[in-house]
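Since the structure comes first, as structure tokens, the remarks are kept for the end.
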Amino acid sequence: MQPTATVLVYSDDANTREQVRLAAGRRPAADVPPVEFIECATLPAVLKRLDEGGVDVCVLDGETVPAGGMGVCRQIKDEIFHCPPVLLLIGRPQDAWLATWSRAEAAVTLPVEPVEFARTLAALLRGRLAVDA
């Protein structure tokens, strides 16, 4: 098992980024490595960090302005070679179809529910780390 997993969190709201960190904790599940968070508040910061590589999962806030997480997800799926899986934070359960349009691998609603979020993040990490192995 690798020593840590890197999770990029994109939101213009510091409280949302904090919710994600607190919900995931240091390790979202016993069978995945501890997580290290990279926080980004702007689209250019996300693209720069993804170009550098080493990101295992992206958590994107669909409510971020001006570049919402859904559009960012679709963009990175087109532009980033071996794009990491994306967990999209959506405002309403009815927005799940937009998460599908954006090509996100998973979606959870805001505010973040810790058990659901940790379970979903751990599943994405398992899949990503199995592919990288």
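Every chain in the structure tokens has a letter given in the order shown (A, B, ...), and although residue numbers restart at 1 in each chain, ligands are simply numbered from 1 in the order shown.
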- Check the DSSP output for the backbone and give back, as an NGL selection string, the residues of chain A in strand (DSSP E). :A and (5-10 or 35-40 or 57-61 or 86-90 or 106-109)
- All residues 8 Å or closer to Leu110 in chain A, only C-alpha atoms, same chain fewer than 6 positions away omitted, as JSON, numbers by chain: {"A": [89, 90, 91, 92]}
- Item | Near-range 35-52 of chain A list (7 Å; only C-alpha atoms; drop same-chain fewer than 4 positions) as a PyMOL selection string | chain A and resi 4-12+26-27+67
Keeping N, CA and C atoms for every residue in the selection just given, could you write it to a file as a PDB file, in the first residue's frame?
ATOM      1  N   THR A   4       0.587   7.440   1.265  1.00  0.00           N
ATOM      2  CA  THR A   4      -0.555   8.352   1.358  1.00  0.00           C
ATOM      3  C   THR A   4      -1.263   8.419   0.015  1.00  0.00           C
ATOM      4  N   ALA A   5      -2.509   8.830   0.059  1.00  0.00           N
ATOM      5  CA  ALA A   5      -3.286   9.098  -1.150  1.00  0.00           C
ATOM      6  C   ALA A   5      -3.522  10.601  -1.204  1.00  0.00           C
ATOM      7  N   THR A   6      -3.428  11.172  -2.388  1.00  0.00           N
ATOM      8  CA  THR A   6      -3.583  12.617  -2.553  1.00  0.00           C
ATOM      9  C   THR A   6      -4.972  12.925  -3.097  1.00  0.00           C
ATOM     10  N   VAL A   7      -5.685  13.782  -2.372  1.00  0.00           N
ATOM     11  CA  VAL A   7      -7.039  14.170  -2.748  1.00  0.00           C
ATOM     12  C   VAL A   7      -7.062  15.673  -2.983  1.00  0.00           C
ATOM     13  N   LEU A   8      -7.400  16.073  -4.204  1.00  0.00           N
ATOM     14  CA  LEU A   8      -7.535  17.487  -4.537  1.00  0.00           C
ATOM     15  C   LEU A   8      -8.964  17.909  -4.233  1.00  0.00           C
ATOM     16  N   VAL A   9      -9.120  18.993  -3.488  1.00  0.00           N
ATOM     17  CA  VAL A   9     -10.448  19.507  -3.128  1.00  0.00           C
ATOM     18  C   VAL A   9     -10.591  20.901  -3.737  1.00  0.00           C
ATOM     19  N   TYR A  10     -11.591  21.049  -4.619  1.00  0.00           N
ATOM     20  CA  TYR A  10     -11.831  22.323  -5.294  1.00  0.00           C
ATOM     21  C   TYR A  10     -13.154  22.915  -4.832  1.00  0.00           C
ATOM     22  N   SER A  11     -13.070  24.076  -4.207  1.00  0.00           N
ATOM     23  CA  SER A  11     -14.249  24.846  -3.821  1.00  0.00           C
ATOM     24  C   SER A  11     -13.803  26.265  -3.524  1.00  0.00           C
ATOM     25  N   ASP A  12     -14.640  27.230  -3.883  1.00  0.00           N
ATOM     26  CA  ASP A  12     -14.330  28.616  -3.526  1.00  0.00           C
ATOM     27  C   ASP A  12     -14.729  28.923  -2.086  1.00  0.00           C
ATOM     28  N   ARG A  26      -8.458  11.442   8.564  1.00  0.00           N
ATOM     29  CA  ARG A  26      -7.107  11.119   8.106  1.00  0.00           C
ATOM     30  C   ARG A  26      -7.089   9.926   7.170  1.00  0.00           C
ATOM     31  N   ARG A  27      -8.058   9.041   7.353  1.00  0.00           N
ATOM     32  CA  ARG A  27      -8.129   7.813   6.556  1.00  0.00           C
ATOM     33  C   ARG A  27      -9.609   7.454   6.420  1.00  0.00           C
ATOM     34  N   ALA A  67     -16.383  29.112 -11.984  1.00  0.00           N
ATOM     35  CA  ALA A  67     -16.239  27.824 -12.677  1.00  0.00           C
ATOM     36  C   ALA A  67     -16.742  26.718 -11.755  1.00  0.00           C
TER      37      ALA A  67
END
- Message: When DSSP is applied to the backbone of this structure, which of chain A are assigned helix (DSSP H, G or I)? Write them out as a PyMOL selection string.
- Response: chain A and resi 14-24+43-52+69-79+93-101+114-132
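Candidate residues A:Pro85, A:Ile80, A:Val59, A:Gly53 were compared for distance to Arg21 in chain A, and the nearest is A:Val59, using only C-alpha atoms.
Near Pro114 in chain A, within 6 Å and counting only C-alpha atoms, sit Ala23, Phe117 and Ala118 of chain A; same-chain residues fewer than 3 positions away were not included.
Residue nearest Arg126 in chain A within the list A:Val72, A:Ala30, A:Cys83, A:Ala107: A:Ala30 [criterion: smallest interatomic distance, only C-alpha atoms].
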- Residue among A:Pro84, A:Pro111, A:Pro93, A:Gly25 lying closest to Cys58 in chain A, counting only C-alpha atoms: A:Pro84
- Leaving out Ala104 in chain A and any residue of its chain fewer than 5 positions from it, which residues lie within 7 Å of it when counting only C-alpha atoms, given as an MDAnalysis selection string? chainID A and resid 73 86:88 99
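Among A:Pro3, A:Pro28, A:Pro66, A:Gly54, the residue with the shortest atom-to-atom distance to Leu125 in chain A, counting only C-alpha atoms, is A:Pro28.
Here the question is which of A:Ala96, A:Ala14, A:Leu121, A:Val20 gets nearest to Val57 in chain A using only C-alpha atoms, and that residue is A:Leu121.
The nearest approach to Glu113 in chain A among the residues A:Thr64, A:Ala29, A:Gly69, A:Thr16, with only C-alpha atoms taken into account, belongs to A:Thr16.
Computed from the coordinates, the CA of Ala123 in chain A to CA of Val108 in chain A distance equals 13.0 Å.
Straight-line separation from CA of Ser102 in chain A to CA of Leu60 in chain A: 11.0 Å.
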